[in-house]
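Structure data (compact mmCIF, N, CA and C atoms) from my_file_34.txt:
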```txt
# COMPACT_ATOMS: atom_id res chain seq x y z
N MET I 1 0.82 -1.20 0.00
CA MET I 1 0.00 0.00 0.00
C MET I 1 0.87 1.26 0.00
N VAL I 2 1.99 1.22 0.70
CA VAL I 2 2.88 2.38 0.75
C VAL I 2 3.40 2.70 -0.64
N ARG I 3 3.73 1.67 -1.40
CA ARG I 3 4.22 1.88 -2.77
C ARG I 3 3.15 2.57 -3.61
N ASP I 4 1.90 2.14 -3.48
CA ASP I 4 0.80 2.76 -4.22
C ASP I 4 0.64 4.22 -3.83
N GLU I 5 0.75 4.51 -2.54
CA GLU I 5 0.64 5.89 -2.07
C GLU I 5 1.77 6.75 -2.64
N ASN I 6 2.99 6.19 -2.68
CA ASN I 6 4.11 6.93 -3.26
C ASN I 6 3.88 7.21 -4.74
N GLU I 7 3.34 6.24 -5.45
CA GLU I 7 3.06 6.43 -6.87
C GLU I 7 1.99 7.50 -7.07
N ILE I 8 0.97 7.48 -6.23
CA ILE I 8 -0.09 8.49 -6.32
C ILE I 8 0.47 9.86 -5.97
N ASN I 9 1.31 9.95 -4.95
CA ASN I 9 1.94 11.23 -4.60
C ASN I 9 2.77 11.76 -5.77
N LYS I 10 3.54 10.88 -6.41
CA LYS I 10 4.34 11.29 -7.56
C LYS I 10 3.45 11.77 -8.70
N LEU I 11 2.36 11.05 -8.93
CA LEU I 11 1.43 11.42 -9.98
C LEU I 11 0.83 12.80 -9.72
N ILE I 12 0.42 13.05 -8.48
CA ILE I 12 -0.15 14.34 -8.12
C ILE I 12 0.88 15.45 -8.30
N ASP I 13 2.10 15.21 -7.85
CA ASP I 13 3.15 16.22 -8.02
C ASP I 13 3.40 16.51 -9.50
N THR I 14 3.39 15.46 -10.32
CA THR I 14 3.60 15.63 -11.76
C THR I 14 2.44 16.41 -12.38
N MET I 15 1.22 16.12 -11.95
CA MET I 15 0.06 16.84 -12.47
C MET I 15 0.15 18.32 -12.15
N ILE I 16 0.56 18.64 -10.92
CA ILE I 16 0.68 20.04 -10.52
C ILE I 16 1.77 20.72 -11.33
N LYS I 17 2.92 20.08 -11.43
CA LYS I 17 4.04 20.67 -12.17
C LYS I 17 3.70 20.86 -13.64
N SER I 18 3.09 19.86 -14.24
CA SER I 18 2.72 19.96 -15.65
C SER I 18 1.69 21.06 -15.87
N GLY I 19 0.75 21.18 -14.94
CA GLY I 19 -0.24 22.25 -15.03
C GLY I 19 0.41 23.61 -14.92
N ASP I 20 1.37 23.74 -14.01
CA ASP I 20 2.11 25.01 -13.87
C ASP I 20 2.79 25.38 -15.18
N GLU I 21 3.45 24.40 -15.79
CA GLU I 21 4.16 24.65 -17.04
C GLU I 21 3.20 25.00 -18.16
N LEU I 22 2.08 24.30 -18.23
CA LEU I 22 1.08 24.58 -19.26
C LEU I 22 0.54 25.99 -19.12
N VAL I 23 0.21 26.38 -17.90
CA VAL I 23 -0.31 27.73 -17.65
C VAL I 23 0.71 28.78 -18.06
N GLU I 24 1.96 28.57 -17.68
CA GLU I 24 3.01 29.53 -18.04
C GLU I 24 3.13 29.68 -19.55
N ASN I 25 3.09 28.58 -20.26
CA ASN I 25 3.22 28.62 -21.71
C ASN I 25 2.00 29.24 -22.38
N LEU I 26 0.82 28.86 -21.94
CA LEU I 26 -0.39 29.34 -22.60
C LEU I 26 -0.72 30.79 -22.29
N LYS I 27 -0.34 31.26 -21.10
CA LYS I 27 -0.71 32.63 -20.77
C LYS I 27 0.04 33.66 -21.62
N THR I 28 1.10 33.22 -22.29
CA THR I 28 1.81 34.14 -23.18
C THR I 28 1.12 34.28 -24.54
N VAL I 29 0.25 33.33 -24.90
CA VAL I 29 -0.40 33.37 -26.21
C VAL I 29 -1.90 33.62 -26.13
N LEU I 30 -2.48 33.47 -24.97
CA LEU I 30 -3.93 33.67 -24.83
C LEU I 30 -4.25 35.11 -24.48
N PRO I 31 -5.44 35.55 -24.84
CA PRO I 31 -5.88 36.87 -24.38
C PRO I 31 -5.97 36.89 -22.85
N ASN I 32 -5.84 38.05 -22.26
CA ASN I 32 -5.84 38.18 -20.79
C ASN I 32 -7.04 37.54 -20.13
N SER I 33 -8.23 37.73 -20.69
CA SER I 33 -9.43 37.18 -20.05
C SER I 33 -9.38 35.66 -19.99
N LEU I 34 -8.95 35.02 -21.07
CA LEU I 34 -8.83 33.56 -21.07
C LEU I 34 -7.69 33.11 -20.18
N SER I 35 -6.63 33.85 -20.20
CA SER I 35 -5.48 33.51 -19.38
C SER I 35 -5.84 33.54 -17.89
N GLU I 36 -6.56 34.55 -17.48
CA GLU I 36 -6.96 34.66 -16.07
C GLU I 36 -7.89 33.52 -15.68
N SER I 37 -8.81 33.16 -16.56
CA SER I 37 -9.73 32.05 -16.28
C SER I 37 -8.96 30.73 -16.16
N MET I 38 -8.00 30.54 -17.05
CA MET I 38 -7.19 29.32 -17.02
C MET I 38 -6.38 29.25 -15.73
N ILE I 39 -5.84 30.37 -15.31
CA ILE I 39 -5.05 30.41 -14.08
C ILE I 39 -5.92 30.05 -12.87
N MET I 40 -7.11 30.63 -12.82
CA MET I 40 -8.02 30.34 -11.70
C MET I 40 -8.43 28.87 -11.70
N PHE I 41 -8.69 28.32 -12.88
CA PHE I 41 -9.05 26.91 -12.99
C PHE I 41 -7.91 26.02 -12.50
N HIS I 42 -6.70 26.35 -12.92
CA HIS I 42 -5.53 25.57 -12.50
C HIS I 42 -5.32 25.67 -10.99
N GLU I 43 -5.45 26.87 -10.44
CA GLU I 43 -5.29 27.05 -9.00
C GLU I 43 -6.30 26.21 -8.23
N SER I 44 -7.52 26.15 -8.72
CA SER I 44 -8.55 25.32 -8.09
C SER I 44 -8.16 23.84 -8.14
N ASN I 45 -7.65 23.41 -9.30
CA ASN I 45 -7.21 22.02 -9.42
C ASN I 45 -6.07 21.71 -8.46
N VAL I 46 -5.14 22.63 -8.32
CA VAL I 46 -4.00 22.42 -7.41
C VAL I 46 -4.49 22.26 -5.98
N VAL I 47 -5.41 23.11 -5.57
CA VAL I 47 -5.96 23.01 -4.22
C VAL I 47 -6.60 21.63 -4.01
N ASN I 48 -7.37 21.18 -4.97
CA ASN I 48 -8.03 19.87 -4.85
C ASN I 48 -7.02 18.73 -4.85
N LEU I 49 -6.01 18.82 -5.70
CA LEU I 49 -4.99 17.78 -5.72
C LEU I 49 -4.23 17.71 -4.40
N LYS I 50 -3.95 18.87 -3.82
CA LYS I 50 -3.26 18.89 -2.53
C LYS I 50 -4.14 18.31 -1.43
N LYS I 51 -5.44 18.52 -1.50
CA LYS I 51 -6.35 17.93 -0.52
C LYS I 51 -6.34 16.41 -0.64
N ILE I 52 -6.35 15.92 -1.87
CA ILE I 52 -6.31 14.47 -2.11
C ILE I 52 -5.01 13.90 -1.56
N LYS I 53 -3.92 14.59 -1.83
CA LYS I 53 -2.61 14.12 -1.34
C LYS I 53 -2.58 14.09 0.19
N LYS I 54 -3.15 15.11 0.81
CA LYS I 54 -3.20 15.16 2.27
C LYS I 54 -4.03 14.01 2.83
N LEU I 55 -5.15 13.72 2.20
CA LEU I 55 -5.99 12.60 2.63
C LEU I 55 -5.24 11.27 2.54
N LEU I 56 -4.50 11.10 1.46
CA LEU I 56 -3.76 9.86 1.28
C LEU I 56 -2.65 9.69 2.30
N ASN I 57 -2.04 10.81 2.67
CA ASN I 57 -0.91 10.75 3.60
C ASN I 57 -1.34 10.80 5.06
N GLY I 58 -2.64 10.93 5.27
CA GLY I 58 -3.20 10.90 6.61
C GLY I 58 -2.72 11.96 7.48
```

Rewrite the coordinates I just gave you, this time as structure tokens.
Amino acid sequence: MVRDENEINKLIDTMIKSGDELVENLKTVLPNSLSESMIMFHESNVVNLKKIKKLLNG
């Protein structure tokens, strides 16, 4: 079970990092209104992913 938790933790960290990189890249080409919406959406996802990670780690 510990191995599974480590894999899930790694997956969550990768999802957050990939999302950060995607937002950084897209906000340079998107209009400000879309960029701001995308940033807020990503921030919401990060909060939820961190909650999931916290639940898994007890």

(request) Compare I:Val23, I:Lys53, I:Ile8, I:Asn48 by their minimum atom-to-atom distance to Ser35 of chain I, counting only N, CA and C atoms, and give me the closest one. (result)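 Residue with the minimum atom-to-atom distance to Ser35 of chain I: I:Val23.
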
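If you measure from each of I:Asn45, I:Arg3, I:Ser37, I:Lys27 to Met15 of chain I using all atoms listed in the file, the closest one turns out to be I:Asn45.
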
(request) With a distance cut-off of 12 Å and only C-alpha atoms, select the neighbouring residues of Glu5 of chain I, excluding the residue or stretch itself and same-chain residues fewer than 3 positions from it, and output the selection as a PyMOL selection string. (result) chain I and resi 1-2+8-12+52-58

Write the residues of the preceding selection, restricted to N, CA and C atoms, as a short mmCIF file (atom, residue, chain, number, x, y, z; two decimals), in the frame of the given file.
```
data_model
loop_
_atom_site.label_atom_id
_atom_site.label_comp_id
_atom_site.auth_asym_id
_atom_site.auth_seq_id
_atom_site.Cartn_x
_atom_site.Cartn_y
_atom_site.Cartn_z
N MET I 1 0.82 -1.20 0.00
CA MET I 1 0.00 0.00 0.00
C MET I 1 0.87 1.26 0.00
N VAL I 2 1.99 1.22 0.70
CA VAL I 2 2.88 2.38 0.75
C VAL I 2 3.40 2.70 -0.64
N ILE I 8 0.97 7.48 -6.23
CA ILE I 8 -0.09 8.49 -6.32
C ILE I 8 0.47 9.86 -5.97
N ASN I 9 1.31 9.95 -4.95
CA ASN I 9 1.94 11.23 -4.60
C ASN I 9 2.77 11.76 -5.77
N LYS I 10 3.54 10.88 -6.41
CA LYS I 10 4.34 11.29 -7.56
C LYS I 10 3.45 11.77 -8.70
N LEU I 11 2.36 11.05 -8.93
CA LEU I 11 1.43 11.42 -9.98
C LEU I 11 0.83 12.80 -9.72
N ILE I 12 0.42 13.05 -8.48
CA ILE I 12 -0.15 14.34 -8.12
C ILE I 12 0.88 15.45 -8.30
N ILE I 52 -6.35 15.92 -1.87
CA ILE I 52 -6.31 14.47 -2.11
C ILE I 52 -5.01 13.90 -1.56
N LYS I 53 -3.92 14.59 -1.83
CA LYS I 53 -2.61 14.12 -1.34
C LYS I 53 -2.58 14.09 0.19
N LYS I 54 -3.15 15.11 0.81
CA LYS I 54 -3.20 15.16 2.27
C LYS I 54 -4.03 14.01 2.83
N LEU I 55 -5.15 13.72 2.20
CA LEU I 55 -5.99 12.60 2.63
C LEU I 55 -5.24 11.27 2.54
N LEU I 56 -4.50 11.10 1.46
CA LEU I 56 -3.76 9.86 1.28
C LEU I 56 -2.65 9.69 2.30
N ASN I 57 -2.04 10.81 2.67
CA ASN I 57 -0.91 10.75 3.60
C ASN I 57 -1.34 10.80 5.06
N GLY I 58 -2.64 10.93 5.27
CA GLY I 58 -3.20 10.90 6.61
C GLY I 58 -2.72 11.96 7.48
#
```

(request) Go ahead and compute the interatomic distance for atom CA of Glu36 of chain I and atom CA of Leu49 of chain I, in Å to one decimal. (result)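 Straight-line distance from atom CA of Glu36 of chain I to atom CA of Leu49 of chain I works out to 19.9 Å.
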
(request) Rounded to one decimal place, report the atom C of Lys17 of chain I-atom CA of Leu30 of chain I distance in Å. (result) 18.6 Å

As a tab-separated table (two decimals), in the frame of the given file, please: segment 12-26 of chain I completed to N, CA, C and O atoms.
```
chain	number	residue	atom	x	y	z
I	12	ILE	N	0.42	13.05	-8.48
I	12	ILE	CA	-0.15	14.34	-8.12
I	12	ILE	C	0.88	15.45	-8.30
I	12	ILE	O	0.57	16.50	-8.87
I	13	ASP	N	2.10	15.21	-7.85
I	13	ASP	CA	3.15	16.22	-8.02
I	13	ASP	C	3.40	16.51	-9.50
I	13	ASP	O	3.58	17.67	-9.90
I	14	THR	N	3.39	15.46	-10.32
I	14	THR	CA	3.60	15.63	-11.76
I	14	THR	C	2.44	16.41	-12.38
I	14	THR	O	2.66	17.28	-13.24
I	15	MET	N	1.22	16.12	-11.95
I	15	MET	CA	0.06	16.84	-12.47
I	15	MET	C	0.15	18.32	-12.15
I	15	MET	O	-0.16	19.17	-12.99
I	16	ILE	N	0.56	18.64	-10.92
I	16	ILE	CA	0.68	20.04	-10.52
I	16	ILE	C	1.77	20.72	-11.33
I	16	ILE	O	1.57	21.81	-11.88
I	17	LYS	N	2.92	20.08	-11.43
I	17	LYS	CA	4.04	20.67	-12.17
I	17	LYS	C	3.70	20.86	-13.64
I	17	LYS	O	3.99	21.90	-14.23
I	18	SER	N	3.09	19.86	-14.24
I	18	SER	CA	2.72	19.96	-15.65
I	18	SER	C	1.69	21.06	-15.87
I	18	SER	O	1.76	21.79	-16.86
I	19	GLY	N	0.75	21.18	-14.94
I	19	GLY	CA	-0.24	22.25	-15.03
I	19	GLY	C	0.41	23.61	-14.92
I	19	GLY	O	0.05	24.54	-15.65
I	20	ASP	N	1.37	23.74	-14.01
I	20	ASP	CA	2.11	25.01	-13.87
I	20	ASP	C	2.79	25.38	-15.18
I	20	ASP	O	2.72	26.53	-15.63
I	21	GLU	N	3.45	24.40	-15.79
I	21	GLU	CA	4.16	24.65	-17.04
I	21	GLU	C	3.20	25.00	-18.16
I	21	GLU	O	3.46	25.91	-18.96
I	22	LEU	N	2.08	24.30	-18.23
I	22	LEU	CA	1.08	24.58	-19.26
I	22	LEU	C	0.54	25.99	-19.12
I	22	LEU	O	0.43	26.74	-20.11
I	23	VAL	N	0.21	26.38	-17.90
I	23	VAL	CA	-0.31	27.73	-17.65
I	23	VAL	C	0.71	28.78	-18.06
I	23	VAL	O	0.39	29.76	-18.73
I	24	GLU	N	1.96	28.57	-17.68
I	24	GLU	CA	3.01	29.53	-18.04
I	24	GLU	C	3.13	29.68	-19.55
I	24	GLU	O	3.28	30.79	-20.06
I	25	ASN	N	3.09	28.58	-20.26
I	25	ASN	CA	3.22	28.62	-21.71
I	25	ASN	C	2.00	29.24	-22.38
I	25	ASN	O	2.14	30.04	-23.31
I	26	LEU	N	0.82	28.86	-21.94
I	26	LEU	CA	-0.39	29.34	-22.60
I	26	LEU	C	-0.72	30.79	-22.29
I	26	LEU	O	-1.29	31.49	-23.13
```
